[in-house]
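This is entry11.cif (mmCIF, N, CA and C atoms).
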```cif
data_work
loop_
_atom_site.group_PDB
_atom_site.id
_atom_site.type_symbol
_atom_site.label_atom_id
_atom_site.label_comp_id
_atom_site.auth_asym_id
_atom_site.auth_seq_id
_atom_site.Cartn_x
_atom_site.Cartn_y
_atom_site.Cartn_z
ATOM 1 N N MET L 1 17.442 -4.102 -13.744
ATOM 2 C CA MET L 1 17.208 -3.944 -12.327
ATOM 3 C C MET L 1 17.023 -2.458 -12.025
ATOM 4 N N PRO L 2 15.914 -2.107 -11.334
ATOM 5 C CA PRO L 2 15.699 -0.691 -11.003
ATOM 6 C C PRO L 2 16.804 -0.151 -10.104
ATOM 7 N N ARG L 3 17.149 1.090 -10.309
ATOM 8 C CA ARG L 3 18.170 1.742 -9.497
ATOM 9 C C ARG L 3 17.515 2.878 -8.716
ATOM 10 N N GLY L 4 18.150 3.263 -7.617
ATOM 11 C CA GLY L 4 17.647 4.376 -6.838
ATOM 12 C C GLY L 4 16.416 4.045 -6.020
ATOM 13 N N ARG L 5 16.286 2.809 -5.613
ATOM 14 C CA ARG L 5 15.145 2.413 -4.791
ATOM 15 C C ARG L 5 15.583 1.353 -3.792
ATOM 16 N N LEU L 6 14.775 1.172 -2.769
ATOM 17 C CA LEU L 6 15.048 0.128 -1.789
ATOM 18 C C LEU L 6 14.448 -1.183 -2.279
ATOM 19 N N PRO L 7 15.176 -2.273 -2.225
ATOM 20 C CA PRO L 7 14.658 -3.533 -2.740
ATOM 21 C C PRO L 7 13.626 -4.181 -1.820
ATOM 22 N N ASN L 8 13.435 -3.654 -0.615
ATOM 23 C CA ASN L 8 12.504 -4.291 0.312
ATOM 24 C C ASN L 8 11.193 -3.520 0.452
ATOM 25 N N ASN L 9 10.950 -2.524 -0.392
ATOM 26 C CA ASN L 9 9.706 -1.748 -0.365
ATOM 27 C C ASN L 9 8.898 -2.024 -1.613
ATOM 28 N N ILE L 10 7.587 -2.057 -1.438
ATOM 29 C CA ILE L 10 6.697 -2.173 -2.590
ATOM 30 C C ILE L 10 5.520 -1.241 -2.372
ATOM 31 N N ASN L 11 5.063 -0.646 -3.452
ATOM 32 C CA ASN L 11 3.909 0.235 -3.395
ATOM 33 C C ASN L 11 2.788 -0.393 -4.218
ATOM 34 N N PHE L 12 1.645 -0.592 -3.574
ATOM 35 C CA PHE L 12 0.442 -1.048 -4.263
ATOM 36 C C PHE L 12 -0.454 0.167 -4.421
ATOM 37 N N SER L 13 -1.085 0.297 -5.557
ATOM 38 C CA SER L 13 -2.053 1.370 -5.760
ATOM 39 C C SER L 13 -3.337 0.766 -6.286
ATOM 40 N N ALA L 14 -4.456 1.262 -5.749
ATOM 41 C CA ALA L 14 -5.764 0.764 -6.155
ATOM 42 C C ALA L 14 -6.690 1.944 -6.378
ATOM 43 N N SER L 15 -7.426 1.914 -7.454
ATOM 44 C CA SER L 15 -8.392 2.984 -7.694
ATOM 45 C C SER L 15 -9.669 2.680 -6.922
ATOM 46 N N GLY L 16 -10.368 3.733 -6.560
ATOM 47 C CA GLY L 16 -11.656 3.568 -5.902
ATOM 48 C C GLY L 16 -11.589 3.294 -4.415
ATOM 49 N N VAL L 17 -10.400 3.359 -3.820
ATOM 50 C CA VAL L 17 -10.256 3.161 -2.374
ATOM 51 C C VAL L 17 -9.263 4.175 -1.830
ATOM 52 N N GLU L 18 -9.379 4.456 -0.559
ATOM 53 C CA GLU L 18 -8.446 5.347 0.124
ATOM 54 C C GLU L 18 -7.341 4.514 0.757
ATOM 55 N N GLY L 19 -6.127 5.015 0.704
ATOM 56 C CA GLY L 19 -5.011 4.326 1.344
ATOM 57 C C GLY L 19 -5.232 4.134 2.831
ATOM 58 N N GLU L 20 -5.817 5.145 3.485
ATOM 59 C CA GLU L 20 -6.066 5.051 4.931
ATOM 60 C C GLU L 20 -7.019 3.906 5.259
ATOM 61 N N GLY L 21 -8.013 3.708 4.412
ATOM 62 C CA GLY L 21 -8.949 2.597 4.620
ATOM 63 C C GLY L 21 -8.248 1.255 4.521
ATOM 64 N N MET L 22 -7.329 1.144 3.566
ATOM 65 C CA MET L 22 -6.572 -0.104 3.434
ATOM 66 C C MET L 22 -5.707 -0.337 4.666
ATOM 67 N N ILE L 23 -5.064 0.735 5.143
ATOM 68 C CA ILE L 23 -4.193 0.613 6.319
ATOM 69 C C ILE L 23 -4.980 0.145 7.531
ATOM 70 N N LEU L 24 -6.113 0.788 7.777
ATOM 71 C CA LEU L 24 -6.928 0.420 8.938
ATOM 72 C C LEU L 24 -7.418 -1.023 8.841
ATOM 73 N N SER L 25 -7.861 -1.408 7.658
ATOM 74 C CA SER L 25 -8.358 -2.778 7.467
ATOM 75 C C SER L 25 -7.245 -3.800 7.648
ATOM 76 N N LEU L 26 -6.087 -3.536 7.070
ATOM 77 C CA LEU L 26 -4.972 -4.467 7.197
ATOM 78 C C LEU L 26 -4.427 -4.491 8.626
ATOM 79 N N ASP L 27 -4.445 -3.348 9.299
ATOM 80 C CA ASP L 27 -4.006 -3.295 10.691
ATOM 81 C C ASP L 27 -4.865 -4.213 11.561
ATOM 82 N N MET L 28 -6.166 -4.213 11.326
ATOM 83 C CA MET L 28 -7.062 -5.092 12.086
ATOM 84 C C MET L 28 -6.769 -6.567 11.817
ATOM 85 N N LEU L 29 -6.120 -6.849 10.691
ATOM 86 C CA LEU L 29 -5.743 -8.219 10.351
ATOM 87 C C LEU L 29 -4.303 -8.534 10.760
ATOM 88 N N GLY L 30 -3.641 -7.590 11.438
ATOM 89 C CA GLY L 30 -2.286 -7.819 11.923
ATOM 90 C C GLY L 30 -1.183 -7.455 10.944
ATOM 91 N N ILE L 31 -1.522 -6.701 9.885
ATOM 92 C CA ILE L 31 -0.540 -6.318 8.876
ATOM 93 C C ILE L 31 -0.181 -4.853 9.077
ATOM 94 N N ALA L 32 1.102 -4.556 9.271
ATOM 95 C CA ALA L 32 1.568 -3.182 9.439
ATOM 96 C C ALA L 32 2.040 -2.654 8.091
ATOM 97 N N CYS L 33 1.554 -1.472 7.718
ATOM 98 C CA CYS L 33 1.941 -0.853 6.460
ATOM 99 C C CYS L 33 1.715 0.646 6.555
ATOM 100 N N SER L 34 1.944 1.344 5.463
ATOM 101 C CA SER L 34 1.829 2.803 5.443
ATOM 102 C C SER L 34 1.241 3.221 4.108
ATOM 103 N N THR L 35 0.883 4.513 3.999
ATOM 104 C CA THR L 35 0.427 5.027 2.711
ATOM 105 C C THR L 35 1.538 5.850 2.080
ATOM 106 N N GLY L 36 1.383 6.127 0.806
ATOM 107 C CA GLY L 36 2.320 7.010 0.124
ATOM 108 C C GLY L 36 3.715 6.452 0.003
ATOM 109 N N SER L 37 4.631 7.363 -0.177
ATOM 110 C CA SER L 37 6.031 6.986 -0.295
ATOM 111 C C SER L 37 6.717 7.236 1.032
ATOM 112 N N ALA L 38 7.850 6.646 1.218
ATOM 113 C CA ALA L 38 8.602 6.856 2.462
ATOM 114 C C ALA L 38 8.991 8.318 2.615
ATOM 115 N N CYS L 39 9.130 9.024 1.515
ATOM 116 C CA CYS L 39 9.524 10.439 1.557
ATOM 117 C C CYS L 39 8.434 11.329 2.132
ATOM 118 N N SER L 40 7.183 10.851 2.096
ATOM 119 C CA SER L 40 6.087 11.697 2.565
ATOM 120 C C SER L 40 5.163 10.960 3.520
ATOM 121 N N SER L 41 5.689 9.999 4.257
ATOM 122 C CA SER L 41 4.850 9.162 5.106
ATOM 123 C C SER L 41 4.172 9.926 6.227
ATOM 124 N N ALA L 42 4.674 11.088 6.614
ATOM 125 C CA ALA L 42 4.054 11.862 7.688
ATOM 126 C C ALA L 42 2.997 12.832 7.162
ATOM 127 N N SER L 43 2.821 12.905 5.865
ATOM 128 C CA SER L 43 1.913 13.869 5.264
ATOM 129 C C SER L 43 0.594 13.208 4.886
ATOM 130 N N VAL L 44 -0.502 13.963 4.982
ATOM 131 C CA VAL L 44 -1.795 13.462 4.523
ATOM 132 C C VAL L 44 -2.069 13.877 3.080
ATOM 133 N N GLU L 45 -1.192 14.693 2.507
ATOM 134 C CA GLU L 45 -1.330 15.119 1.122
ATOM 135 C C GLU L 45 -0.916 13.990 0.183
ATOM 136 N N THR L 46 -1.395 14.084 -1.062
ATOM 137 C CA THR L 46 -0.979 13.121 -2.069
ATOM 138 C C THR L 46 0.532 13.204 -2.231
ATOM 139 N N SER L 47 1.180 12.065 -2.267
ATOM 140 C CA SER L 47 2.643 12.028 -2.354
ATOM 141 C C SER L 47 3.146 12.639 -3.659
ATOM 142 N N HIS L 48 4.000 13.644 -3.536
ATOM 143 C CA HIS L 48 4.606 14.244 -4.731
ATOM 144 C C HIS L 48 5.518 13.251 -5.437
ATOM 145 N N VAL L 49 6.066 12.317 -4.687
ATOM 146 C CA VAL L 49 6.937 11.303 -5.287
ATOM 147 C C VAL L 49 6.117 10.384 -6.186
ATOM 148 N N LEU L 50 4.976 9.952 -5.710
ATOM 149 C CA LEU L 50 4.148 9.042 -6.507
ATOM 150 C C LEU L 50 3.565 9.733 -7.739
ATOM 151 N N THR L 51 3.186 10.998 -7.601
ATOM 152 C CA THR L 51 2.691 11.705 -8.782
ATOM 153 C C THR L 51 3.838 12.008 -9.753
ATOM 154 N N ALA L 52 5.029 12.219 -9.232
ATOM 155 C CA ALA L 52 6.189 12.494 -10.098
ATOM 156 C C ALA L 52 6.566 11.279 -10.947
ATOM 157 N N ILE L 53 6.296 10.076 -10.451
ATOM 158 C CA ILE L 53 6.614 8.884 -11.250
ATOM 159 C C ILE L 53 5.471 8.515 -12.188
ATOM 160 N N GLY L 54 4.423 9.359 -12.204
ATOM 161 C CA GLY L 54 3.377 9.180 -13.200
ATOM 162 C C GLY L 54 2.055 8.645 -12.697
ATOM 163 N N LEU L 55 1.917 8.409 -11.390
ATOM 164 C CA LEU L 55 0.620 7.946 -10.898
ATOM 165 C C LEU L 55 -0.372 9.095 -10.903
ATOM 166 N N THR L 56 -1.611 8.803 -11.258
ATOM 167 C CA THR L 56 -2.652 9.815 -11.151
ATOM 168 C C THR L 56 -2.891 10.083 -9.667
ATOM 169 N N LYS L 57 -3.533 11.208 -9.367
ATOM 170 C CA LYS L 57 -3.818 11.526 -7.965
ATOM 171 C C LYS L 57 -4.709 10.451 -7.341
ATOM 172 N N GLU L 58 -5.633 9.897 -8.125
ATOM 173 C CA GLU L 58 -6.511 8.842 -7.608
ATOM 174 C C GLU L 58 -5.696 7.626 -7.169
ATOM 175 N N PHE L 59 -4.777 7.175 -8.026
ATOM 176 C CA PHE L 59 -3.950 6.025 -7.666
ATOM 177 C C PHE L 59 -2.999 6.367 -6.522
ATOM 178 N N ALA L 60 -2.422 7.550 -6.545
ATOM 179 C CA ALA L 60 -1.510 7.939 -5.469
ATOM 180 C C ALA L 60 -2.252 8.023 -4.135
ATOM 181 N N HIS L 61 -3.495 8.493 -4.171
ATOM 182 C CA HIS L 61 -4.289 8.594 -2.950
ATOM 183 C C HIS L 61 -4.693 7.214 -2.433
ATOM 184 N N GLY L 62 -4.785 6.252 -3.324
ATOM 185 C CA GLY L 62 -5.133 4.887 -2.947
ATOM 186 C C GLY L 62 -3.916 3.989 -2.900
ATOM 187 N N SER L 63 -2.803 4.544 -2.437
ATOM 188 C CA SER L 63 -1.570 3.747 -2.421
ATOM 189 C C SER L 63 -1.287 3.185 -1.041
ATOM 190 N N LEU L 64 -0.528 2.127 -1.051
ATOM 191 C CA LEU L 64 -0.173 1.408 0.167
ATOM 192 C C LEU L 64 1.281 0.994 0.039
ATOM 193 N N ARG L 65 2.077 1.340 1.032
ATOM 194 C CA ARG L 65 3.506 0.989 1.013
ATOM 195 C C ARG L 65 3.757 -0.088 2.042
ATOM 196 N N ILE L 66 4.391 -1.153 1.609
ATOM 197 C CA ILE L 66 4.744 -2.264 2.493
ATOM 198 C C ILE L 66 6.256 -2.459 2.423
ATOM 199 N N SER L 67 6.864 -2.554 3.584
ATOM 200 C CA SER L 67 8.306 -2.797 3.669
ATOM 201 C C SER L 67 8.539 -4.176 4.252
ATOM 202 N N LEU L 68 9.469 -4.894 3.662
ATOM 203 C CA LEU L 68 9.842 -6.209 4.150
ATOM 204 C C LEU L 68 11.090 -6.082 5.012
ATOM 205 N N GLY L 69 11.177 -6.875 6.040
ATOM 206 C CA GLY L 69 12.335 -6.868 6.921
ATOM 207 C C GLY L 69 13.024 -8.220 6.927
ATOM 208 N N ARG L 70 14.094 -8.308 7.653
ATOM 209 C CA ARG L 70 14.850 -9.569 7.667
ATOM 210 C C ARG L 70 14.077 -10.707 8.313
ATOM 211 N N HIS L 71 13.059 -10.364 9.109
ATOM 212 C CA HIS L 71 12.265 -11.408 9.760
ATOM 213 C C HIS L 71 10.982 -11.730 8.989
ATOM 214 N N THR L 72 10.773 -11.062 7.854
ATOM 215 C CA THR L 72 9.599 -11.340 7.031
ATOM 216 C C THR L 72 9.756 -12.718 6.407
ATOM 217 N N LYS L 73 8.705 -13.520 6.550
ATOM 218 C CA LYS L 73 8.709 -14.871 5.985
ATOM 219 C C LYS L 73 7.868 -14.902 4.708
ATOM 220 N N GLU L 74 8.130 -15.880 3.898
ATOM 221 C CA GLU L 74 7.349 -16.029 2.667
ATOM 222 C C GLU L 74 5.869 -16.172 2.990
ATOM 223 N N SER L 75 5.545 -16.838 4.094
ATOM 224 C CA SER L 75 4.143 -16.997 4.491
ATOM 225 C C SER L 75 3.508 -15.648 4.844
ATOM 226 N N ASP L 76 4.303 -14.694 5.353
ATOM 227 C CA ASP L 76 3.790 -13.345 5.633
ATOM 228 C C ASP L 76 3.383 -12.661 4.331
ATOM 229 N N ILE L 77 4.226 -12.788 3.330
ATOM 230 C CA ILE L 77 3.944 -12.186 2.021
ATOM 231 C C ILE L 77 2.703 -12.837 1.417
ATOM 232 N N ASP L 78 2.624 -14.159 1.493
ATOM 233 C CA ASP L 78 1.456 -14.868 0.965
ATOM 234 C C ASP L 78 0.173 -14.411 1.658
ATOM 235 N N ALA L 79 0.235 -14.181 2.969
ATOM 236 C CA ALA L 79 -0.949 -13.728 3.722
ATOM 237 C C ALA L 79 -1.409 -12.361 3.234
ATOM 238 N N VAL L 80 -0.477 -11.446 3.016
ATOM 239 C CA VAL L 80 -0.839 -10.111 2.520
ATOM 240 C C VAL L 80 -1.450 -10.226 1.125
ATOM 241 N N LEU L 81 -0.846 -11.035 0.270
ATOM 242 C CA LEU L 81 -1.355 -11.186 -1.089
ATOM 243 C C LEU L 81 -2.740 -11.826 -1.117
ATOM 244 N N GLU L 82 -3.059 -12.591 -0.110
ATOM 245 C CA GLU L 82 -4.396 -13.180 -0.010
ATOM 246 C C GLU L 82 -5.399 -12.170 0.557
ATOM 247 N N MET L 83 -4.982 -11.400 1.560
ATOM 248 C CA MET L 83 -5.884 -10.458 2.232
ATOM 249 C C MET L 83 -6.133 -9.178 1.449
ATOM 250 N N LEU L 84 -5.125 -8.674 0.772
ATOM 251 C CA LEU L 84 -5.233 -7.366 0.115
ATOM 252 C C LEU L 84 -6.378 -7.282 -0.900
ATOM 253 N N PRO L 85 -6.542 -8.250 -1.802
ATOM 254 C CA PRO L 85 -7.670 -8.148 -2.735
ATOM 255 C C PRO L 85 -9.026 -8.163 -2.027
ATOM 256 N N GLN L 86 -9.128 -8.912 -0.940
ATOM 257 C CA GLN L 86 -10.383 -8.948 -0.176
ATOM 258 C C GLN L 86 -10.660 -7.592 0.470
ATOM 259 N N VAL L 87 -9.627 -6.983 1.037
ATOM 260 C CA VAL L 87 -9.759 -5.662 1.662
ATOM 261 C C VAL L 87 -10.167 -4.629 0.620
ATOM 262 N N ILE L 88 -9.504 -4.625 -0.523
ATOM 263 C CA ILE L 88 -9.826 -3.668 -1.583
ATOM 264 C C ILE L 88 -11.258 -3.870 -2.066
ATOM 265 N N GLY L 89 -11.649 -5.114 -2.264
ATOM 266 C CA GLY L 89 -13.019 -5.405 -2.708
ATOM 267 C C GLY L 89 -14.055 -4.929 -1.701
ATOM 268 N N ARG L 90 -13.805 -5.133 -0.420
ATOM 269 C CA ARG L 90 -14.757 -4.705 0.612
ATOM 270 C C ARG L 90 -14.838 -3.179 0.647
ATOM 271 N N LEU L 91 -13.690 -2.507 0.573
ATOM 272 C CA LEU L 91 -13.689 -1.046 0.593
ATOM 273 C C LEU L 91 -14.364 -0.460 -0.639
ATOM 274 N N ARG L 92 -14.172 -1.086 -1.786
ATOM 275 C CA ARG L 92 -14.842 -0.602 -3.009
ATOM 276 C C ARG L 92 -16.352 -0.770 -2.891
ATOM 277 N N ALA L 93 -16.787 -1.876 -2.279
ATOM 278 C CA ALA L 93 -18.222 -2.117 -2.110
ATOM 279 C C ALA L 93 -18.852 -1.086 -1.169
ATOM 280 N N LEU L 94 -18.075 -0.591 -0.209
ATOM 281 C CA LEU L 94 -18.575 0.394 0.753
ATOM 282 C C LEU L 94 -18.531 1.820 0.226
ATOM 283 N N ALA L 95 -17.712 2.063 -0.792
ATOM 284 C CA ALA L 95 -17.501 3.422 -1.298
ATOM 285 C C ALA L 95 -18.731 3.914 -2.053
ATOM 286 N N PRO L 96 -19.068 5.187 -1.852
ATOM 287 C CA PRO L 96 -20.175 5.760 -2.649
ATOM 288 C C PRO L 96 -19.729 5.916 -4.101
ATOM 289 N N HIS L 97 -20.634 5.679 -5.006
ATOM 290 C CA HIS L 97 -20.276 5.768 -6.434
ATOM 291 C C HIS L 97 -20.818 7.009 -7.037
#
```
Translate the structure of the given file into C-alpha coordinates.
Amino acid sequence: MPRGRLPNNINFSASGVEGEGMILSLDMLGIACSTGSACSSASVETSHVLTAIGLTKEFAHGSLRISLGRHTKESDIDAVLEMLPQVIGRLRALAPH
(Lines of atoms letter the chains of each structure in order from A and count residues from 1; the text may use other names and numbers.)
(Lines give C-alpha, C1' and ligand atoms only; values in the text may rest on other atoms or scores of the structure.)
Protein backbone atom coordinates (compact mmCIF):
# COMPACT_ATOMS: atom_id res chain seq x y z
CA MET A 1 0.00 0.00 0.00
CA PRO A 2 1.47 3.39 -0.99
CA ARG A 3 2.34 5.67 1.90
CA GLY A 4 2.49 9.45 2.03
CA ARG A 5 -0.43 10.06 -0.30
CA LEU A 6 -4.14 10.73 -0.15
CA PRO A 7 -6.22 7.67 -1.01
CA ASN A 8 -8.91 9.76 -2.73
CA ASN A 9 -6.67 11.45 -5.36
CA ILE A 10 -5.60 10.07 -8.70
CA ASN A 11 -3.37 11.58 -11.34
CA PHE A 12 -3.86 10.70 -15.00
CA SER A 13 -1.15 11.66 -17.47
CA ALA A 14 -1.47 11.61 -21.23
CA SER A 15 1.12 12.43 -23.85
CA GLY A 16 0.23 14.69 -26.74
CA VAL A 17 -2.39 16.74 -24.86
CA GLU A 18 -2.38 19.69 -22.50
CA GLY A 19 -3.84 19.30 -19.03
CA GLU A 20 -5.75 22.56 -19.45
CA GLY A 21 -7.46 21.21 -22.56
CA MET A 22 -8.58 18.13 -20.65
CA ILE A 23 -9.90 20.29 -17.80
CA LEU A 24 -11.90 22.54 -20.11
CA SER A 25 -13.33 19.59 -22.03
CA LEU A 26 -14.28 17.68 -18.90
CA ASP A 27 -15.72 20.82 -17.31
CA MET A 28 -18.09 21.17 -20.27
CA LEU A 29 -19.20 17.60 -19.52
CA GLY A 30 -19.84 18.41 -15.84
CA ILE A 31 -16.62 16.89 -14.45
CA ALA A 32 -14.60 19.02 -12.00
CA CYS A 33 -10.86 18.35 -11.88
CA SER A 34 -7.48 20.06 -11.81
CA THR A 35 -4.04 19.81 -13.40
CA GLY A 36 -0.77 18.92 -11.75
CA SER A 37 -0.38 17.95 -8.17
CA ALA A 38 -2.24 19.42 -5.23
CA CYS A 39 1.06 20.99 -4.13
CA SER A 40 1.19 23.16 -7.24
CA SER A 41 -2.44 23.53 -8.31
CA ALA A 42 -2.20 27.34 -8.45
CA SER A 43 0.84 27.29 -10.74
CA VAL A 44 0.91 27.12 -14.54
CA GLU A 45 4.43 25.68 -14.45
CA THR A 46 5.11 21.97 -14.77
CA SER A 47 4.62 20.41 -11.35
CA HIS A 48 7.92 19.82 -9.58
CA VAL A 49 6.20 17.05 -7.64
CA LEU A 50 5.25 15.15 -10.78
CA THR A 51 8.69 15.52 -12.32
CA ALA A 52 10.28 14.48 -9.00
CA ILE A 53 8.40 11.17 -9.09
CA GLY A 54 9.81 10.52 -12.54
CA LEU A 55 7.26 11.85 -15.02
CA THR A 56 8.70 13.48 -18.11
CA LYS A 57 7.78 17.13 -18.61
CA GLU A 58 5.46 16.07 -21.45
CA PHE A 59 3.51 13.71 -19.20
CA ALA A 60 3.53 16.15 -16.29
CA HIS A 61 2.23 18.90 -18.58
CA GLY A 62 -0.55 16.58 -19.75
CA SER A 63 -1.62 15.58 -16.27
CA LEU A 64 -5.04 15.66 -14.71
CA ARG A 65 -5.79 15.35 -11.00
CA ILE A 66 -9.14 14.04 -9.85
CA SER A 67 -10.20 13.92 -6.22
CA LEU A 68 -13.00 11.73 -4.94
CA GLY A 69 -15.26 12.86 -2.13
CA ARG A 70 -17.67 11.17 0.21
CA HIS A 71 -20.53 11.91 -2.18
CA THR A 72 -18.74 10.44 -5.21
CA LYS A 73 -20.68 7.49 -6.57
CA GLU A 74 -19.36 4.54 -8.52
CA SER A 75 -21.41 5.78 -11.49
CA ASP A 76 -19.49 9.10 -11.33
CA ILE A 77 -16.20 7.23 -11.62
CA ASP A 78 -17.57 5.11 -14.47
CA ALA A 79 -18.66 8.29 -16.32
CA VAL A 80 -15.17 9.81 -16.06
CA LEU A 81 -13.56 6.56 -17.22
CA GLU A 82 -15.87 6.55 -20.23
CA MET A 83 -15.41 10.24 -21.10
CA LEU A 84 -11.68 10.66 -20.50
CA PRO A 85 -10.43 8.49 -23.40
CA GLN A 86 -12.83 10.29 -25.76
CA VAL A 87 -11.61 13.70 -24.56
CA ILE A 88 -7.96 12.69 -24.94
CA GLY A 89 -8.60 11.27 -28.41
CA ARG A 90 -10.38 14.45 -29.55
CA LEU A 91 -7.62 16.68 -28.17
CA ARG A 92 -4.91 14.57 -29.81
CA ALA A 93 -6.75 14.80 -33.14
CA LEU A 94 -6.83 18.61 -32.82
CA ALA A 95 -3.17 18.95 -31.80
CA PRO A 96 -0.63 20.00 -34.43
CA HIS A 97 1.91 17.27 -35.10
> Can you list, as a PyMOL selection string, every protein, DNA or RNA residue that comes within 8 Å of segment 80-97 of chain L when you count all atoms listed in the file, leaving out same-chain residues fewer than 5 positions away?
Replying inline: chain L and resi 14-18+21-22+25-26+31+74-75
> Taking the backbone alone, and naming residues the way the document does, which bits of chain L are alpha helix (DSSP H) by DSSP, as number ranges by chain?
Replying inline: L: 19-28, 48-52, 57-61, 74-94
> Distance atom C of Ile23 of chain L-atom C of Gly4 of chain L, one decimal place?
Replying inline: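 Atom C of Gly4 of chain L lies at a distance of 25.6 Å from atom C of Ile23 of chain L.
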Show me, as a PDB file with N, CA and C atoms, in the frame of the given file, the residues that have an atom within 6 Å of segment 62-65 of chain L when counting only C-alpha atoms, minus same-chain residues fewer than 4 positions from it.
```
ATOM      1  N   ILE L  10       7.587  -2.057  -1.438  1.00  0.00           N
ATOM      2  CA  ILE L  10       6.697  -2.173  -2.590  1.00  0.00           C
ATOM      3  C   ILE L  10       5.520  -1.241  -2.372  1.00  0.00           C
ATOM      4  N   ASN L  11       5.063  -0.646  -3.452  1.00  0.00           N
ATOM      5  CA  ASN L  11       3.909   0.235  -3.395  1.00  0.00           C
ATOM      6  C   ASN L  11       2.788  -0.393  -4.218  1.00  0.00           C
ATOM      7  N   PHE L  12       1.645  -0.592  -3.574  1.00  0.00           N
ATOM      8  CA  PHE L  12       0.442  -1.048  -4.263  1.00  0.00           C
ATOM      9  C   PHE L  12      -0.454   0.167  -4.421  1.00  0.00           C
ATOM     10  N   SER L  13      -1.085   0.297  -5.557  1.00  0.00           N
ATOM     11  CA  SER L  13      -2.053   1.370  -5.760  1.00  0.00           C
ATOM     12  C   SER L  13      -3.337   0.766  -6.286  1.00  0.00           C
ATOM     13  N   ALA L  14      -4.456   1.262  -5.749  1.00  0.00           N
ATOM     14  CA  ALA L  14      -5.764   0.764  -6.155  1.00  0.00           C
ATOM     15  C   ALA L  14      -6.690   1.944  -6.378  1.00  0.00           C
ATOM     16  N   VAL L  17     -10.400   3.359  -3.820  1.00  0.00           N
ATOM     17  CA  VAL L  17     -10.256   3.161  -2.374  1.00  0.00           C
ATOM     18  C   VAL L  17      -9.263   4.175  -1.830  1.00  0.00           C
ATOM     19  N   GLU L  18      -9.379   4.456  -0.559  1.00  0.00           N
ATOM     20  CA  GLU L  18      -8.446   5.347   0.124  1.00  0.00           C
ATOM     21  C   GLU L  18      -7.341   4.514   0.757  1.00  0.00           C
ATOM     22  N   GLY L  19      -6.127   5.015   0.704  1.00  0.00           N
ATOM     23  CA  GLY L  19      -5.011   4.326   1.344  1.00  0.00           C
ATOM     24  C   GLY L  19      -5.232   4.134   2.831  1.00  0.00           C
ATOM     25  N   CYS L  33       1.554  -1.472   7.718  1.00  0.00           N
ATOM     26  CA  CYS L  33       1.941  -0.853   6.460  1.00  0.00           C
ATOM     27  C   CYS L  33       1.715   0.646   6.555  1.00  0.00           C
ATOM     28  N   SER L  34       1.944   1.344   5.463  1.00  0.00           N
ATOM     29  CA  SER L  34       1.829   2.803   5.443  1.00  0.00           C
ATOM     30  C   SER L  34       1.241   3.221   4.108  1.00  0.00           C
ATOM     31  N   THR L  35       0.883   4.513   3.999  1.00  0.00           N
ATOM     32  CA  THR L  35       0.427   5.027   2.711  1.00  0.00           C
ATOM     33  C   THR L  35       1.538   5.850   2.080  1.00  0.00           C
ATOM     34  N   GLY L  36       1.383   6.127   0.806  1.00  0.00           N
ATOM     35  CA  GLY L  36       2.320   7.010   0.124  1.00  0.00           C
ATOM     36  C   GLY L  36       3.715   6.452   0.003  1.00  0.00           C
TER      37      GLY L  36
END
```
>> Just to confirm, what's the straight-line distance from atom CA of Pro7 of chain L to atom C of Glu58 of chain L in Å (one decimal)?
In response: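 Atom-to-atom, atom CA of Pro7 of chain L and atom C of Glu58 of chain L are spaced 23.6 Å apart.
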> Just how far from atom CA of Met28 of chain L is atom CA of Asp78 of chain L, in Å to one decimal?
Replying inline: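 About the pair atom CA of Asp78 of chain L and atom CA of Met28 of chain L: they are 17.1 Å apart.
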> Quick one: DSSP strand (DSSP E) residues in chain L, as a list of chain:residue names?
Replying inline: L:Asn9, L:Ile10, L:Asn11, L:Phe12, L:Ser13, L:Ser63, L:Leu64, L:Arg65, L:Ile66, L:Ser67
